[in-house]
Amino acid sequence: MSVLSDKPAGVRRRSWTVALRERAVAALPPEKLLADKQPSYVSSWIYVFGVLSLASLVVIIGSGTILALKGPAWWHFTGVGHFFNSIHLWSVELFFFVMVIHLWGKYWMAAWRGGRVRTWVTGAVTFLVAIPCALTGYVSQQNFDSQWISAQAKDAMNAVGIGSFFNLLNFGQMYSYHVLLLPVAVVALVVAHVLLVRKYGVVPPFELRELKARAMAAQPEDG
Amino acid sequence: MSGYRARRRAEDEAAREWKGGCRSYDVVKEFCIAVGVVLAITLVLTILFSSPDDPPSTIRQWSRADPVDFVTTAVSELDGSSTTAGYGPPYNHASSGQHEWFIRPQKWLGVSHPIDTTQDFVLAPLSSITGQPALQSAISSYKSASSKQQSAWADGYTKALNNAKANPDGSITVPPGSYGPLPTLMNSLVAFAQAGGLDGALLTSKQFYQTDYTKPLLFMADGGLLASRAKQQHLLGTQWGIMNETGSYPGQSWLWLYTFWYQIKPFSTSSNADILVMTVMAVLSLALVLIPLIPGIRDIPRWIPIYKLIWRDHYRFIGQRR
């Protein structure tokens, strides 16, 4: 640190690392990234569903990691494996349940107002990417559900040409999509979404016309 | 209308930054509590309901349980009349696949997983059986026959299969007729399948490790076993299909809108249902992402003031203060 600070300002500016750090801190200072205050209007149960979506994702990744460590066949033959598979299943069900409520809540708040369009877009795309992520999980189960779902759903993939590189009947390919490619996409989108929420904050309430009118009527008296 | 737009823009601008009061908040604590709550709920659901795991079907199982259906399917693979044989891309060139107006992505992306059902599902597995001169002779006889002759044998044999009987030893008997080498081929194939050989033969490729189940799954899907199990479990396309799963589990309920289109006309009766449904869903998905930019849809939250319920504490506080 002392060596860096000894160098002239021009030399320091040429550092990509310093430039990246300065841009990151300027965009999202630590006190904003991990804020210890929130606007007073954030007072409704609907706000809980955002963090519950994140928490469900943590449980999905945790249980999925254990299943991945033991291999795709483990859960069929052991009670412990089946237990972790059940946790994985129910956390996915919960994830979609709370995420849909979160999405509806944000819709009725018109949460894209005030320059928050990107926050909405990343959230909506996360929901859409999570769907094939779950589908690849269902077809990677190696049971009758996998056989039937893959045999049925392949027609939709083939009809739009996706089937040539997204073959639901190919267990190896689907397993790769499920444990790596799609989860990475979901996590990256969630990180972007959360950073945007931290940067721009949660959308303030609509101003009520009756309250505004009352305030304006009261102004001369106050004055 | 312009007044409305101006008011909306002003509201949008006013929502950029909150200049009102704040309260203390511990984001890390909130997140940890949320993880604990979700973990507790999933544990309760796991203990109460576990998860479904119906064993997969095998060709061995199918050929033993219903040898007539197995042989009927195998003959349709041999004469090219099965669903897979006539599927088109990505498996073969038998048709151009589904389309919407001039848009034919199935055809444009071509055959990426080539499957010749005659060869891959029937003749190649039979050719791998050694020590059966009569079988090898039947294969040669079938291959050297004209396609007209092959079709005549297959048609006659398929009709005869309607009156076929399954024998206690697993073989089948059809009424006498002129079927060429087909009885030999099919009895050998059913015996091979009942011993488990066909499950392995359809997985075999150029290397030792196998993870691609395209061939055995397509073969089984052409028969009646998977569909009959699916019907028992309410998983058929007409029963809201893939959004369900075995047992009484919620399944992929988030696919309800996708599955919904298959239940209504024109999708339910169209031969291009899949591409039509996928197009509708692509448009709706894009609309979901772009809601903030779509006039009308983005204004509904203003017109139906559910926000008054969401922020009722805030409005009550502001009202009292004023």
# chains A, B, ... in the order shown; residues from 1 in each chain; ligands from 1
>>> residues_around(residues="Trp62 (chain B)", least_positions_apart="4", cutoff="10 Å", atoms="only C-alpha atoms", output="compact mmCIF listing (two decimals) with N, CA and C atoms, in the first residue's frame")
# COMPACT_ATOMS: atom_id res chain seq x y z
N SER B 57 -38.47 -47.49 -16.49
CA SER B 57 -38.81 -48.68 -17.27
C SER B 57 -37.59 -49.12 -18.05
N THR B 58 -37.54 -50.41 -18.36
CA THR B 58 -36.46 -50.90 -19.22
C THR B 58 -37.09 -51.66 -20.39
N ASP B 66 -45.22 -57.09 -21.95
CA ASP B 66 -46.15 -56.98 -23.08
C ASP B 66 -45.40 -57.26 -24.39
N PRO B 67 -45.07 -58.56 -24.62
CA PRO B 67 -44.27 -58.89 -25.81
C PRO B 67 -44.95 -58.52 -27.12
N VAL B 68 -46.29 -58.55 -27.14
CA VAL B 68 -46.99 -58.22 -28.40
C VAL B 68 -46.79 -56.73 -28.73
N ASP B 69 -46.94 -55.88 -27.74
CA ASP B 69 -46.72 -54.44 -27.96
C ASP B 69 -45.27 -54.19 -28.36
N PHE B 70 -44.35 -54.90 -27.70
CA PHE B 70 -42.93 -54.74 -28.04
C PHE B 70 -42.68 -55.10 -29.50
N VAL B 190 -37.27 -60.32 -29.57
CA VAL B 190 -37.98 -60.31 -28.29
C VAL B 190 -37.20 -61.13 -27.25
N ALA B 193 -34.32 -59.00 -26.19
CA ALA B 193 -34.78 -57.92 -25.30
C ALA B 193 -35.12 -58.46 -23.92
N GLN B 194 -35.78 -59.63 -23.87
CA GLN B 194 -36.18 -60.19 -22.58
C GLN B 194 -34.97 -60.59 -21.73
N MET B 220 -38.58 -46.90 -26.73
CA MET B 220 -39.63 -47.17 -25.74
C MET B 220 -40.82 -46.22 -25.89
N GLY B 223 -43.47 -47.26 -28.27
CA GLY B 223 -44.37 -48.32 -27.81
C GLY B 223 -45.39 -47.80 -26.81
N GLY B 224 -46.06 -48.73 -26.16
CA GLY B 224 -47.16 -48.31 -25.28
C GLY B 224 -46.81 -48.31 -23.80
N LEU B 225 -45.63 -48.81 -23.43
CA LEU B 225 -45.33 -48.97 -22.01
C LEU B 225 -45.26 -47.64 -21.26
N LEU B 226 -44.46 -46.69 -21.77
CA LEU B 226 -44.28 -45.41 -21.07
C LEU B 226 -45.62 -44.68 -20.98
>>> residues_around(residues="region 211-214 of chain B", least_positions_apart="2", cutoff="8 Å", atoms="only C-alpha atoms", output="PDB file with C-alpha atoms, in the first residue's frame")
ATOM      1  CA  LEU A 169     -32.831 -37.599 -23.893  1.00  0.00           C
ATOM      2  CA  ASN A 170     -29.071 -37.286 -23.366  1.00  0.00           C
ATOM      3  CA  PHE A 171     -28.569 -37.728 -19.621  1.00  0.00           C
ATOM      4  CA  GLY A 172     -24.915 -36.657 -19.663  1.00  0.00           C
ATOM      5  CA  GLN A 173     -25.661 -33.419 -21.472  1.00  0.00           C
TER       6      GLN A 173
ATOM      7  CA  LEU B 203     -26.798 -47.638 -25.666  1.00  0.00           C
ATOM      8  CA  TYR B 209     -18.683 -44.859 -21.274  1.00  0.00           C
ATOM      9  CA  PRO B 216     -33.559 -46.574 -26.035  1.00  0.00           C
ATOM     10  CA  LEU B 217     -35.885 -43.774 -24.906  1.00  0.00           C
ATOM     11  CA  LEU B 218     -37.129 -43.097 -28.431  1.00  0.00           C
TER      12      LEU B 218
END
>>> select_by_dssp(residues="region 82-282 of chain B", states="helix (DSSP H, G or I)", output="PyMOL selection string")
chain B and resi 105-108+117-127+133-144+147-161+182-194+197-203+214-222+225-232+237-239+241-243+253-261+267-269+273-282
>>> residues_around(residues="Leu235 (chain B)", least_positions_apart="4", cutoff="8 Å", atoms="only C-alpha atoms", output="PDB file with C-alpha atoms, in the first residue's frame")
ATOM      1  CA  ALA B 230     -47.909 -42.107 -17.600  1.00  0.00           C
ATOM      2  CA  LYS B 231     -51.676 -42.444 -17.963  1.00  0.00           C
ATOM      3  CA  GLN B 239     -53.686 -34.420 -18.412  1.00  0.00           C
ATOM      4  CA  TRP B 240     -51.447 -31.322 -18.238  1.00  0.00           C
ATOM      5  CA  GLY B 241     -48.451 -33.521 -19.032  1.00  0.00           C
ATOM      6  CA  ILE B 242     -44.971 -32.600 -17.975  1.00  0.00           C
ATOM      7  CA  ASN B 244     -46.937 -33.024 -13.157  1.00  0.00           C
ATOM      8  CA  GLU B 245     -44.818 -35.760 -11.683  1.00  0.00           C
ATOM      9  CA  THR B 246     -45.517 -39.222 -10.314  1.00  0.00           C
TER      10      THR B 246
END
>>> interface_residues(of="chain B", to="chain A", cutoff="6 Å", atoms="only C-alpha atoms", output="PyMOL selection string")
chain B and resi 12-13+15-16+21-26+34-35+42+46+50-51+54-56+98+105-106+109+112+211-214+242+274-275+289+301+307+314
>>> atom_distance(atom1="CA of Pro89 (chain B)", atom2="CA of Pro114 (chain B)")
8.4 Å
